[in-house]
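**Student:** Handing you this structure, nothing more for now.
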Amino acid sequence: MKRLWSPWRLEYLKAPKKDGCIFCEAVQSNQDRENLVLWRGERAFLILNRFPYNNGHLMVVPYTHVPSLEDLDTPTLTELMLLLNRSLAALRTAMQPDGFNIGANLGHAAGAGIEDHVHLHVVPRWSGDTNFMPIVGDVRVIPQTWLQTYDQLKAALEEQARPEA
Ligand SMILES: [Zn+2]
């Protein structure tokens with residue numbers, strides 16, 4: 001996946017590195033809204049990226065703390081894809097994007113921020129958002145706060161999961 005410029009990524013790069021894994025910590029905590037955990041499946045979960053490339057940028061993450069996709073068993077890989085689909089549908093409902101970037105950065109050399117715990121990125125794209133590629137020095141204003149985005153996506157996911165009446 002092409003790496004995209006977002007000034008708030010700098011905050012991430014500058015943030016002090018904590019020990020431990022933010023994914024494992026988020027799973028173990030029960031503060032889902034605070035941690036931006038959108039959905040918990042059987043073997044994997046969805047979490048909103050706090051340092052997004054674009055509004056609505058979320059991640060599909062297995063509960064298993066392993067560095068690469070080859071380390072996962074078939075049921076977990078299957079659920080990653082099913083949750084990926086669920087997140088696409090929720091993003092379409094909640095945010096009406098025109099497209100998506102989906103991808104994984106495996107290993108430090110590939111730009112993985114959290115290289116020990118594999119995850120898939122889902123980044124919604126809108127026609128005309130290409131100006132979010134390099135404009136050095138321009139601070140982009142994110143149109144919604146994390147929690148507004150969280151609440152919208154959470155509602156869309158819950159709506160989707162409701163059994164047909
Ligand atoms: Zn982990």
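Just remember, in the structure tokens the first chain shown is A, the second B, etc., residues are 1-based per chain, and ligands are 1-based in the order shown.
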Give the residues close to ligand 1, within 8 Å, counting only C-alpha atoms and all ligand atoms; write them as a VMD selection string.
**Tutor:** chain A and resid 20 to 25 63 to 66 116 to 117
**Student:** List as an MDAnalysis selection string the protein and nucleic acid residues near stretch 37-54 of chain A, meaning an atom at most 6 Å away when only C-alpha atoms are counted, but skip any in the same chain fewer than 5 places from it.
**Tutor:** chainID A and resid 6 9 32 59:63 76 154
**Student:** Using DSSP on the backbone, list every residue of stretch 26-62 of chain A that comes out as alpha helix (DSSP H), and give them as a list in words.
**Tutor:**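 Taking stretch 26-62 of chain A and keeping alpha helix (DSSP H) only, one gets Ala26, Val27, Gln28, Asp32, Arg33, Glu34 and Asn35 of chain A.
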**Student:** List every residue of stretch 39-72 of chain A that DSSP, applied to the backbone, labels as strand (DSSP E), and write the result as a PyMOL selection string.
**Tutor:** chain A and resi 39-40+44-48+58-62
**Student:** For the residues in the current selection, export N, CA and C atoms as a JSON list (two decimals), in the first residue's frame.
**Tutor:**
[["chain", "number", "residue", "atom", "x", "y", "z"],
["A", 39, "TRP", "N", -15.61, -3.59, 17.26],
["A", 39, "TRP", "CA", -16.32, -4.85, 17.11],
["A", 39, "TRP", "C", -15.42, -5.97, 17.60],
["A", 40, "ARG", "N", -15.99, -6.89, 18.38],
["A", 40, "ARG", "CA", -15.22, -8.06, 18.81],
["A", 40, "ARG", "C", -15.83, -9.31, 18.18],
["A", 44, "ALA", "N", -11.04, -12.37, 15.97],
["A", 44, "ALA", "CA", -10.45, -11.11, 15.53],
["A", 44, "ALA", "C", -11.38, -9.96, 15.88],
["A", 45, "PHE", "N", -10.85, -8.75, 15.82],
["A", 45, "PHE", "CA", -11.65, -7.58, 16.18],
["A", 45, "PHE", "C", -11.34, -6.40, 15.27],
["A", 46, "LEU", "N", -12.21, -5.39, 15.34],
["A", 46, "LEU", "CA", -12.03, -4.17, 14.56],
["A", 46, "LEU", "C", -11.71, -3.02, 15.51],
["A", 47, "ILE", "N", -10.74, -2.22, 15.14],
["A", 47, "ILE", "CA", -10.37, -1.08, 15.97],
["A", 47, "ILE", "C", -10.08, 0.11, 15.06],
["A", 48, "LEU", "N", -10.58, 1.27, 15.46],
["A", 48, "LEU", "CA", -10.35, 2.49, 14.71],
["A", 48, "LEU", "C", -8.92, 2.96, 14.94],
["A", 58, "LEU", "N", -9.62, 2.16, 9.77],
["A", 58, "LEU", "CA", -9.70, 1.18, 10.84],
["A", 58, "LEU", "C", -8.80, 0.00, 10.55],
["A", 59, "MET", "N", -8.70, -0.90, 11.51],
["A", 59, "MET", "CA", -7.83, -2.05, 11.37],
["A", 59, "MET", "C", -8.56, -3.32, 11.78],
["A", 60, "VAL", "N", -8.27, -4.39, 11.06],
["A", 60, "VAL", "CA", -8.81, -5.71, 11.37],
["A", 60, "VAL", "C", -7.65, -6.49, 12.00],
["A", 61, "VAL", "N", -7.85, -6.96, 13.23],
["A", 61, "VAL", "CA", -6.73, -7.50, 14.01],
["A", 61, "VAL", "C", -7.10, -8.85, 14.62],
["A", 62, "PRO", "N", -6.26, -9.87, 14.45],
["A", 62, "PRO", "CA", -6.52, -11.13, 15.14],
["A", 62, "PRO", "C", -6.21, -10.98, 16.62]]
**Student:** For a quick check of understanding, using only C-alpha atoms, which of A:Asp71, A:Arg86, A:Gln28, A:Glu79 has the smallest distance to A:Leu153?
**Tutor:** A:Arg86
**Student:** Kindly provide the residues of stretch 70-92 of chain A that approach stretch 155-163 of chain A to within 9 Å, each paired with its closest atom pair and their distance in Å to one decimal, based on only C-alpha atoms, listed by chain and increasing number, as a Markdown table.
**Tutor:**
| residue | atom | partner | partner_atom | distance |
| --- | --- | --- | --- | --- |
| A:Arg86 | CA | A:Leu157 | CA | 7.3 |
| A:Ser87 | CA | A:Leu157 | CA | 7.4 |
| A:Ala89 | CA | A:Leu157 | CA | 8.2 |
| A:Ala90 | CA | A:Ala156 | CA | 5.0 |
| A:Leu91 | CA | A:Ala156 | CA | 7.8 |
**Student:** Just checking: using only C-alpha atoms, which residue out of A:Pro75, A:Pro97, A:Pro67, A:Gly113 ends up closest to A:Asn55?
**Tutor:**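 Counting only C-alpha atoms, the residue closest to A:Asn55 is A:Pro97.
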**Student:** Identify which of the residues A:Leu106, A:Tyr150, A:Ile114, A:Gly99 lies closest to A:Gly128, counting only C-alpha atoms when measuring atom-to-atom distances.
**Tutor:**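 Closest to A:Gly128 of all the choices is A:Gly99.
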**Student:** Just how far from atom CA of A:Arg92 is atom CA of A:Val123, in Å to one decimal?
**Tutor:**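 It comes out at 11.5 Å.
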**Student:** Excluding A:Asn105 and any residue of its chain fewer than 2 positions from it, enumerate the residues within 8 Å of it, using only C-alpha atoms, and give them as a PyMOL selection string.
**Tutor:** chain A and resi 1+103+107-108+110-112+115+120
